[in-house]
>>> print(open('my_file34.cif').read())   # mmCIF, C-alpha atoms and all ligand atoms; chains and numbers go by the auth columns
data_run
#
loop_
_atom_site.group_PDB
_atom_site.id
_atom_site.type_symbol
_atom_site.label_atom_id
_atom_site.label_comp_id
_atom_site.label_asym_id
_atom_site.label_seq_id
_atom_site.Cartn_x
_atom_site.Cartn_y
_atom_site.Cartn_z
_atom_site.B_iso_or_equiv
_atom_site.auth_seq_id
_atom_site.auth_asym_id
ATOM 1 C CA MET A 1 5.721 9.264 10.708 0.00 1 A
ATOM 2 C CA LYS A 2 4.967 11.173 13.887 0.00 2 A
ATOM 3 C CA LYS A 3 2.901 9.473 16.555 0.00 3 A
ATOM 4 C CA ASN A 4 -0.695 10.336 15.972 0.00 4 A
ATOM 5 C CA ARG A 5 -3.559 10.108 18.400 0.00 5 A
ATOM 6 C CA THR A 6 -6.112 9.726 15.634 0.00 6 A
ATOM 7 C CA LEU A 7 -4.768 6.344 14.558 0.00 7 A
ATOM 8 C CA MET A 8 -5.592 2.903 15.923 0.00 8 A
ATOM 9 C CA ASN A 9 -2.587 0.600 16.094 0.00 9 A
ATOM 10 C CA ASP A 10 -3.786 -2.772 14.841 0.00 10 A
ATOM 11 C CA LEU A 11 -4.130 -3.067 11.098 0.00 11 A
ATOM 12 C CA PRO A 12 -6.393 -5.782 9.716 0.00 12 A
ATOM 13 C CA GLU A 13 -4.575 -8.813 8.306 0.00 13 A
ATOM 14 C CA PRO A 14 -4.901 -9.955 5.574 0.00 14 A
ATOM 15 C CA VAL A 15 -6.032 -6.992 3.453 0.00 15 A
ATOM 16 C CA PRO A 16 -9.863 -6.986 3.618 0.00 16 A
ATOM 17 C CA GLU A 17 -12.001 -7.523 0.519 0.00 17 A
ATOM 18 C CA ALA A 18 -13.373 -3.978 0.774 0.00 18 A
ATOM 19 C CA MET A 19 -9.832 -2.581 0.601 0.00 19 A
ATOM 20 C CA LYS A 20 -9.212 -4.663 -2.506 0.00 20 A
ATOM 21 C CA ALA A 21 -12.421 -3.244 -4.011 0.00 21 A
ATOM 22 C CA ALA A 22 -11.211 0.275 -3.208 0.00 22 A
ATOM 23 C CA TYR A 23 -7.883 -0.543 -4.865 0.00 23 A
ATOM 24 C CA ASP A 24 -9.676 -1.804 -7.991 0.00 24 A
ATOM 25 C CA GLU A 25 -11.692 1.419 -8.103 0.00 25 A
ATOM 26 C CA ALA A 26 -8.454 3.408 -7.841 0.00 26 A
ATOM 27 C CA LEU A 27 -6.998 1.454 -10.768 0.00 27 A
ATOM 28 C CA THR A 28 -10.011 2.113 -13.001 0.00 28 A
ATOM 29 C CA ALA A 29 -10.092 5.786 -11.950 0.00 29 A
ATOM 30 C CA GLY A 30 -6.472 6.077 -13.080 0.00 30 A
ATOM 31 C CA ALA A 31 -7.349 4.436 -16.386 0.00 31 A
ATOM 32 C CA ARG A 32 -10.038 7.114 -16.867 0.00 32 A
ATOM 33 C CA GLY A 33 -7.420 9.844 -16.382 0.00 33 A
ATOM 34 C CA GLU A 34 -8.479 10.633 -12.833 0.00 34 A
ATOM 35 C CA ILE A 35 -6.114 10.705 -9.857 0.00 35 A
ATOM 36 C CA PRO A 36 -6.159 7.008 -8.870 0.00 36 A
ATOM 37 C CA VAL A 37 -8.029 6.963 -5.586 0.00 37 A
ATOM 38 C CA GLY A 38 -10.805 4.494 -4.848 0.00 38 A
ATOM 39 C CA ALA A 39 -13.225 3.906 -1.988 0.00 39 A
ATOM 40 C CA ALA A 40 -15.673 1.264 -0.812 0.00 40 A
ATOM 41 C CA ILE A 41 -18.284 1.232 1.926 0.00 41 A
ATOM 42 C CA TYR A 42 -18.643 -2.016 3.803 0.00 42 A
ATOM 43 C CA ASP A 43 -21.399 -3.333 6.043 0.00 43 A
ATOM 44 C CA PRO A 44 -19.571 -5.502 8.611 0.00 44 A
ATOM 45 C CA GLU A 45 -22.795 -7.036 9.920 0.00 45 A
ATOM 46 C CA ALA A 46 -24.129 -8.120 6.531 0.00 46 A
ATOM 47 C CA GLU A 47 -20.535 -8.760 5.373 0.00 47 A
ATOM 48 C CA ARG A 48 -21.096 -7.016 2.082 0.00 48 A
ATOM 49 C CA ILE A 49 -19.852 -4.025 0.133 0.00 49 A
ATOM 50 C CA VAL A 50 -22.679 -1.481 -0.073 0.00 50 A
ATOM 51 C CA ALA A 51 -21.076 0.959 -2.510 0.00 51 A
ATOM 52 C CA ARG A 52 -17.774 1.615 -4.255 0.00 52 A
ATOM 53 C CA SER A 53 -16.401 4.416 -6.374 0.00 53 A
ATOM 54 C CA GLY A 54 -13.302 6.013 -7.784 0.00 54 A
ATOM 55 C CA ASN A 55 -12.468 9.679 -8.293 0.00 55 A
ATOM 56 C CA ARG A 56 -14.575 11.375 -10.987 0.00 56 A
ATOM 57 C CA SER A 57 -13.568 15.026 -10.566 0.00 57 A
ATOM 58 C CA VAL A 58 -12.363 15.400 -14.160 0.00 58 A
ATOM 59 C CA GLU A 59 -15.270 13.499 -15.699 0.00 59 A
ATOM 60 C CA LEU A 60 -17.934 15.381 -13.716 0.00 60 A
ATOM 61 C CA ASN A 61 -16.172 18.775 -13.683 0.00 61 A
ATOM 62 C CA ASP A 62 -16.610 18.620 -9.944 0.00 62 A
ATOM 63 C CA PRO A 63 -13.746 19.310 -7.523 0.00 63 A
ATOM 64 C CA GLY A 64 -15.793 17.590 -4.833 0.00 64 A
ATOM 65 C CA ALA A 65 -16.260 14.322 -6.743 0.00 65 A
ATOM 66 C CA HIS A 66 -13.686 12.447 -4.672 0.00 66 A
ATOM 67 C CA ALA A 67 -14.003 8.679 -4.345 0.00 67 A
ATOM 68 C CA GLU A 68 -15.129 8.894 -0.712 0.00 68 A
ATOM 69 C CA MET A 69 -17.847 11.483 -1.437 0.00 69 A
ATOM 70 C CA LEU A 70 -19.236 9.443 -4.319 0.00 70 A
ATOM 71 C CA ALA A 71 -19.157 6.193 -2.336 0.00 71 A
ATOM 72 C CA ILE A 72 -20.938 7.837 0.616 0.00 72 A
ATOM 73 C CA ARG A 73 -23.614 9.285 -1.676 0.00 73 A
ATOM 74 C CA ALA A 74 -24.091 5.940 -3.433 0.00 74 A
ATOM 75 C CA ALA A 75 -24.373 4.068 -0.119 0.00 75 A
ATOM 76 C CA CYS A 76 -26.899 6.574 1.248 0.00 76 A
ATOM 77 C CA ALA A 77 -28.930 6.313 -1.954 0.00 77 A
ATOM 78 C CA ALA A 78 -28.797 2.508 -1.912 0.00 78 A
ATOM 79 C CA LEU A 79 -29.907 2.339 1.718 0.00 79 A
ATOM 80 C CA GLY A 80 -32.328 5.286 1.605 0.00 80 A
ATOM 81 C CA ALA A 81 -30.541 6.835 4.573 0.00 81 A
ATOM 82 C CA SER A 82 -28.801 10.161 5.241 0.00 82 A
ATOM 83 C CA ARG A 83 -26.356 8.555 7.652 0.00 83 A
ATOM 84 C CA LEU A 84 -24.387 5.334 7.652 0.00 84 A
ATOM 85 C CA PRO A 85 -23.855 4.330 11.297 0.00 85 A
ATOM 86 C CA GLY A 86 -22.260 0.928 11.759 0.00 86 A
ATOM 87 C CA LEU A 87 -20.699 0.965 8.296 0.00 87 A
ATOM 88 C CA ASP A 88 -17.015 1.285 7.437 0.00 88 A
ATOM 89 C CA LEU A 89 -15.290 3.241 4.687 0.00 89 A
ATOM 90 C CA TYR A 90 -12.180 1.923 2.950 0.00 90 A
ATOM 91 C CA VAL A 91 -10.119 4.262 0.779 0.00 91 A
ATOM 92 C CA THR A 92 -6.722 3.932 -0.846 0.00 92 A
ATOM 93 C CA LEU A 93 -5.464 7.351 0.309 0.00 93 A
ATOM 94 C CA GLU A 94 -5.751 9.324 3.529 0.00 94 A
ATOM 95 C CA PRO A 95 -8.902 11.447 3.050 0.00 95 A
ATOM 96 C CA CYS A 96 -8.715 15.202 2.525 0.00 96 A
ATOM 97 C CA THR A 97 -10.467 17.503 4.988 0.00 97 A
ATOM 98 C CA MET A 98 -13.662 17.641 2.909 0.00 98 A
ATOM 99 C CA CYS A 99 -13.949 13.857 2.823 0.00 99 A
ATOM 100 C CA ALA A 100 -12.951 13.518 6.483 0.00 100 A
ATOM 101 C CA ALA A 101 -15.833 15.858 7.332 0.00 101 A
ATOM 102 C CA ALA A 102 -18.285 13.939 5.122 0.00 102 A
ATOM 103 C CA ILE A 103 -17.235 10.686 6.832 0.00 103 A
ATOM 104 C CA SER A 104 -17.981 12.337 10.174 0.00 104 A
ATOM 105 C CA PHE A 105 -21.348 13.701 8.998 0.00 105 A
ATOM 106 C CA ALA A 106 -22.285 10.245 7.683 0.00 106 A
ATOM 107 C CA ARG A 107 -21.544 8.801 11.132 0.00 107 A
ATOM 108 C CA LEU A 108 -19.434 6.043 9.625 0.00 108 A
ATOM 109 C CA ARG A 109 -18.084 3.620 12.211 0.00 109 A
ATOM 110 C CA ARG A 110 -14.546 3.116 10.949 0.00 110 A
ATOM 111 C CA LEU A 111 -12.215 4.624 8.390 0.00 111 A
ATOM 112 C CA TYR A 112 -9.581 2.366 6.859 0.00 112 A
ATOM 113 C CA PHE A 113 -7.132 4.030 4.490 0.00 113 A
ATOM 114 C CA GLY A 114 -4.062 2.980 2.530 0.00 114 A
ATOM 115 C CA ALA A 115 -1.362 5.547 1.794 0.00 115 A
ATOM 116 C CA PHE A 116 -0.703 8.526 4.026 0.00 116 A
ATOM 117 C CA ASP A 117 -1.057 11.918 2.321 0.00 117 A
ATOM 118 C CA GLU A 118 1.311 14.441 3.839 0.00 118 A
ATOM 119 C CA LYS A 119 0.412 17.101 1.290 0.00 119 A
ATOM 120 C CA GLY A 120 -3.366 16.838 1.123 0.00 120 A
ATOM 121 C CA GLY A 121 -4.552 14.655 3.984 0.00 121 A
ATOM 122 C CA GLY A 122 -6.899 16.008 6.622 0.00 122 A
ATOM 123 C CA VAL A 123 -6.924 13.080 9.052 0.00 123 A
ATOM 124 C CA CYS A 124 -3.319 12.585 10.205 0.00 124 A
ATOM 125 C CA HIS A 125 -2.029 15.752 8.529 0.00 125 A
ATOM 126 C CA GLY A 126 -3.213 19.302 7.937 0.00 126 A
ATOM 127 C CA ALA A 127 -6.519 20.042 9.638 0.00 127 A
ATOM 128 C CA ARG A 128 -6.547 16.724 11.564 0.00 128 A
ATOM 129 C CA PHE A 129 -10.300 17.053 11.428 0.00 129 A
ATOM 130 C CA TYR A 130 -11.169 14.354 13.941 0.00 130 A
ATOM 131 C CA GLU A 131 -9.000 15.890 16.641 0.00 131 A
ATOM 132 C CA GLN A 132 -10.829 19.231 16.591 0.00 132 A
ATOM 133 C CA PRO A 133 -13.415 20.183 19.210 0.00 133 A
ATOM 134 C CA THR A 134 -15.750 21.156 16.357 0.00 134 A
ATOM 135 C CA CYS A 135 -15.845 17.531 15.197 0.00 135 A
ATOM 136 C CA HIS A 136 -18.895 15.828 16.694 0.00 136 A
ATOM 137 C CA HIS A 137 -18.368 12.292 15.448 0.00 137 A
ATOM 138 C CA ALA A 138 -14.985 10.718 14.813 0.00 138 A
ATOM 139 C CA PRO A 139 -14.708 7.257 13.258 0.00 139 A
ATOM 140 C CA GLU A 140 -12.094 4.811 14.456 0.00 140 A
ATOM 141 C CA VAL A 141 -9.172 5.335 12.067 0.00 141 A
ATOM 142 C CA TYR A 142 -6.865 2.658 10.695 0.00 142 A
ATOM 143 C CA GLY A 143 -4.208 4.041 8.344 0.00 143 A
ATOM 144 C CA GLY A 144 -1.491 2.394 6.291 0.00 144 A
ATOM 145 C CA ILE A 145 -3.315 -0.720 5.062 0.00 145 A
ATOM 146 C CA ASP A 146 -1.593 -2.011 1.947 0.00 146 A
ATOM 147 C CA ARG A 147 0.009 1.419 1.889 0.00 147 A
ATOM 148 C CA SER A 148 2.888 0.661 -0.448 0.00 148 A
ATOM 149 C CA ALA A 149 0.578 -0.674 -3.184 0.00 149 A
ATOM 150 C CA CYS A 150 -1.767 2.294 -2.800 0.00 150 A
ATOM 151 C CA ALA A 151 1.075 4.815 -2.836 0.00 151 A
ATOM 152 C CA GLU A 152 2.705 3.128 -5.824 0.00 152 A
ATOM 153 C CA LEU A 153 -0.460 3.613 -7.899 0.00 153 A
ATOM 154 C CA LEU A 154 -0.314 7.348 -7.247 0.00 154 A
ATOM 155 C CA GLN A 155 3.443 7.569 -7.852 0.00 155 A
ATOM 156 C CA GLN A 156 3.096 5.785 -11.191 0.00 156 A
ATOM 157 C CA PHE A 157 0.228 8.049 -12.183 0.00 157 A
ATOM 158 C CA PHE A 158 2.114 11.261 -11.453 0.00 158 A
ATOM 159 C CA ALA A 159 5.343 9.915 -12.955 0.00 159 A
ATOM 160 C CA GLY A 160 3.379 9.152 -16.129 0.00 160 A
ATOM 161 C CA ARG A 161 1.989 12.682 -16.156 0.00 161 A
ATOM 162 C CA ARG A 162 5.417 14.240 -15.757 0.00 162 A
ATOM 163 C CA GLY A 163 6.657 12.070 -18.590 0.00 163 A
ATOM 164 C CA GLY A 164 3.898 13.500 -20.783 0.00 164 A
ATOM 165 C CA ALA A 165 1.965 10.218 -20.978 0.00 165 A
HETATM 166 ZN ZN ZN B . -11.374 14.103 -0.527 0.00 201 B
#
>>> encode(input="my_file34.cif", output="structure tokens", more="lines below")
Ligand SMILES: [Zn+2]
Amino acid sequence: MKKNRTLMNDLPEPVPEAMKAAYDEALTAGARGEIPVGAAIYDPEAERIVARSGNRSVELNDPGAHAEMLAIRAACAALGASRLPGLDLYVTLEPCTMCAAAISFARLRRLYFGAFDEKGGGVCHGARFYEQPTCHHAPEVYGGIDRSACAELLQQFFAGRRGGA
């Protein structure tokens, strides 16, 4: 992995509860036939998970129904707010550019993600959204938390698909 100026160096140890919640959401998304990605939004001050979701693109016929988008919408609805400053988003996979932008628009404090996504990521790959001058709020980014478990979920899912399961 190339050195990346978006990433913070110190990963949280042990794996935080919110990351485990995101992982659980990814598991259940996979069981629903969705690409297994899950997200959770955590309030570090109240020490509680505000919202959590898995991918629902297939179920909702919505290419934008990624786990991060749904978790952000649910957190905003729960808090009656259009922005989520001070809150952190945990997701099992490096967000795509759309989700990276939504995280910025929501003014989330930190982004913690699991597996890196060379093909579809927009944080450390592709658009590198937070490094662009057109990005007006960048969260602190921590990537690679529990990455092997998160990546394995996806690998198993796509291997199953190729095998016709
Ligand atoms: Zn996305």
>>> resolve_selection(input="my_file34.cif", expression="the PyMOL selection byres (((chain A and resi 122) around 8) and not hetatm)", output="list in words")
Glu94, Pro95, Cys96, Thr97, Met98, Ala100, Gly120, Gly121, Val123, Cys124, His125, Gly126, Ala127, Arg128 and Phe129 of chain A
>>> residues_near_ligand(input="my_file34.cif", ligand="ligand ZN 201 (chain B)", cutoff="12 Å", atoms="only C-alpha atoms and all ligand atoms", output="ChimeraX atom specification")
/A:35,37-39,54-57,62-72,91-103,117,120-123
>>> closest_residue(input="my_file34.cif", among="A:Gly114, A:Arg162, A:Asp146, A:Leu154", to="A:Val15", atoms="only C-alpha atoms")
A:Asp146
>>> residues_near_point(input="my_file34.cif", point="(-15.6, -5.4, 2.6)", cutoff="8 Å", atoms="all atoms listed in the file", output="list in words")
Pro16, Glu17, Ala18, Met19, Ala21, Ala40, Ile41, Tyr42, Asp43, Pro44, Glu47, Arg48 and Ile49 of chain A
>>> closest_residue(input="my_file34.cif", among="A:Gln132, A:Leu11, A:Ala81, A:Phe116", to="A:Ala149", atoms="all atoms listed in the file")
A:Phe116
>>> atom_distance(input="my_file34.cif", atom1="atom CA of A:Ala22", atom2="atom CA of A:Ala151")
13.1 Å
>>> atom_distance(input="my_file34.cif", atom1="atom CA of A:Gly33", atom2="atom CA of A:Leu153")
12.6 Å
>>> resolve_selection(input="my_file34.cif", expression="the PyMOL selection byres (((chain A and resi 104-112) around 6) and not hetatm)", output="PyMOL selection string")
chain A and resi 83-90+101-103+113+137-143
>>> atom_distance(input="my_file34.cif", atom1="atom CA of A:Glu34", atom2="atom CA of A:Gly160")
12.4 Å
>>> closest_residue(input="my_file34.cif", among="A:Ser53, A:Asn9, A:Asn61, A:Asn4", to="A:Tyr23", atoms="only C-alpha atoms")
A:Ser53
>>> decode(input="my_file34.cif", residues="stretch 34-62 of chain A", atoms="N, CA and C atoms", output="compact mmCIF listing (two decimals), in the first residue's frame")
# COMPACT_ATOMS: atom_id res chain seq x y z
N GLU A 34 -27.10 -8.88 -0.39
CA GLU A 34 -26.44 -7.61 -0.72
C GLU A 34 -24.93 -7.80 -0.62
N ILE A 35 -24.16 -6.93 -1.27
CA ILE A 35 -22.72 -6.92 -1.04
C ILE A 35 -22.50 -6.65 0.45
N PRO A 36 -21.73 -7.51 1.13
CA PRO A 36 -21.63 -7.41 2.60
C PRO A 36 -20.76 -6.25 3.08
N VAL A 37 -21.39 -5.10 3.18
CA VAL A 37 -20.74 -3.93 3.76
C VAL A 37 -21.69 -3.38 4.82
N GLY A 38 -21.13 -3.04 5.98
CA GLY A 38 -21.95 -2.51 7.06
C GLY A 38 -21.32 -1.26 7.64
N ALA A 39 -22.17 -0.42 8.26
CA ALA A 39 -21.68 0.84 8.83
C ALA A 39 -22.40 1.13 10.15
N ALA A 40 -21.73 1.87 11.01
CA ALA A 40 -22.33 2.31 12.26
C ALA A 40 -21.85 3.72 12.55
N ILE A 41 -22.72 4.51 13.15
CA ILE A 41 -22.36 5.87 13.55
C ILE A 41 -22.34 5.92 15.07
N TYR A 42 -21.22 6.43 15.57
CA TYR A 42 -20.94 6.36 17.01
C TYR A 42 -20.79 7.77 17.58
N ASP A 43 -21.40 7.96 18.74
CA ASP A 43 -21.25 9.22 19.47
C ASP A 43 -20.21 9.00 20.57
N PRO A 44 -18.99 9.51 20.39
CA PRO A 44 -17.92 9.21 21.36
C PRO A 44 -18.16 9.88 22.71
N GLU A 45 -18.93 10.95 22.74
CA GLU A 45 -19.18 11.63 24.01
C GLU A 45 -20.20 10.84 24.84
N ALA A 46 -21.28 10.44 24.19
CA ALA A 46 -22.32 9.67 24.88
C ALA A 46 -21.94 8.18 24.95
N GLU A 47 -20.87 7.80 24.25
CA GLU A 47 -20.43 6.41 24.17
C GLU A 47 -21.55 5.48 23.75
N ARG A 48 -22.22 5.86 22.66
CA ARG A 48 -23.28 4.98 22.17
C ARG A 48 -23.35 5.01 20.65
N ILE A 49 -23.86 3.91 20.11
CA ILE A 49 -24.07 3.81 18.67
C ILE A 49 -25.40 4.49 18.36
N VAL A 50 -25.37 5.47 17.47
CA VAL A 50 -26.56 6.25 17.13
C VAL A 50 -27.37 5.57 16.04
N ALA A 51 -26.67 4.98 15.07
CA ALA A 51 -27.36 4.33 13.95
C ALA A 51 -26.43 3.29 13.34
N ARG A 52 -27.02 2.30 12.69
CA ARG A 52 -26.24 1.26 12.02
C ARG A 52 -27.03 0.73 10.84
N SER A 53 -26.33 0.32 9.81
CA SER A 53 -27.02 -0.17 8.62
C SER A 53 -26.08 -1.00 7.76
N GLY A 54 -26.69 -1.85 6.95
CA GLY A 54 -25.94 -2.56 5.93
C GLY A 54 -26.41 -2.11 4.57
N ASN A 55 -25.71 -2.54 3.53
CA ASN A 55 -26.12 -2.23 2.16
C ASN A 55 -27.55 -2.69 1.90
N ARG A 56 -28.34 -1.89 1.19
CA ARG A 56 -29.69 -2.29 0.78
C ARG A 56 -29.98 -1.89 -0.66
N SER A 57 -28.94 -1.85 -1.48
CA SER A 57 -29.11 -1.40 -2.88
C SER A 57 -30.05 -2.32 -3.66
N VAL A 58 -29.90 -3.63 -3.46
CA VAL A 58 -30.73 -4.59 -4.19
C VAL A 58 -32.17 -4.50 -3.69
N GLU A 59 -32.31 -4.54 -2.37
CA GLU A 59 -33.65 -4.53 -1.76
C GLU A 59 -34.43 -3.27 -2.14
N LEU A 60 -33.77 -2.12 -2.13
CA LEU A 60 -34.46 -0.85 -2.37
C LEU A 60 -34.40 -0.39 -3.82
N ASN A 61 -33.78 -1.22 -4.70
CA ASN A 61 -33.57 -0.79 -6.09
C ASN A 61 -32.97 0.61 -6.13
N ASP A 62 -31.92 0.78 -5.34
CA ASP A 62 -31.33 2.10 -5.19
C ASP A 62 -29.80 1.98 -5.18
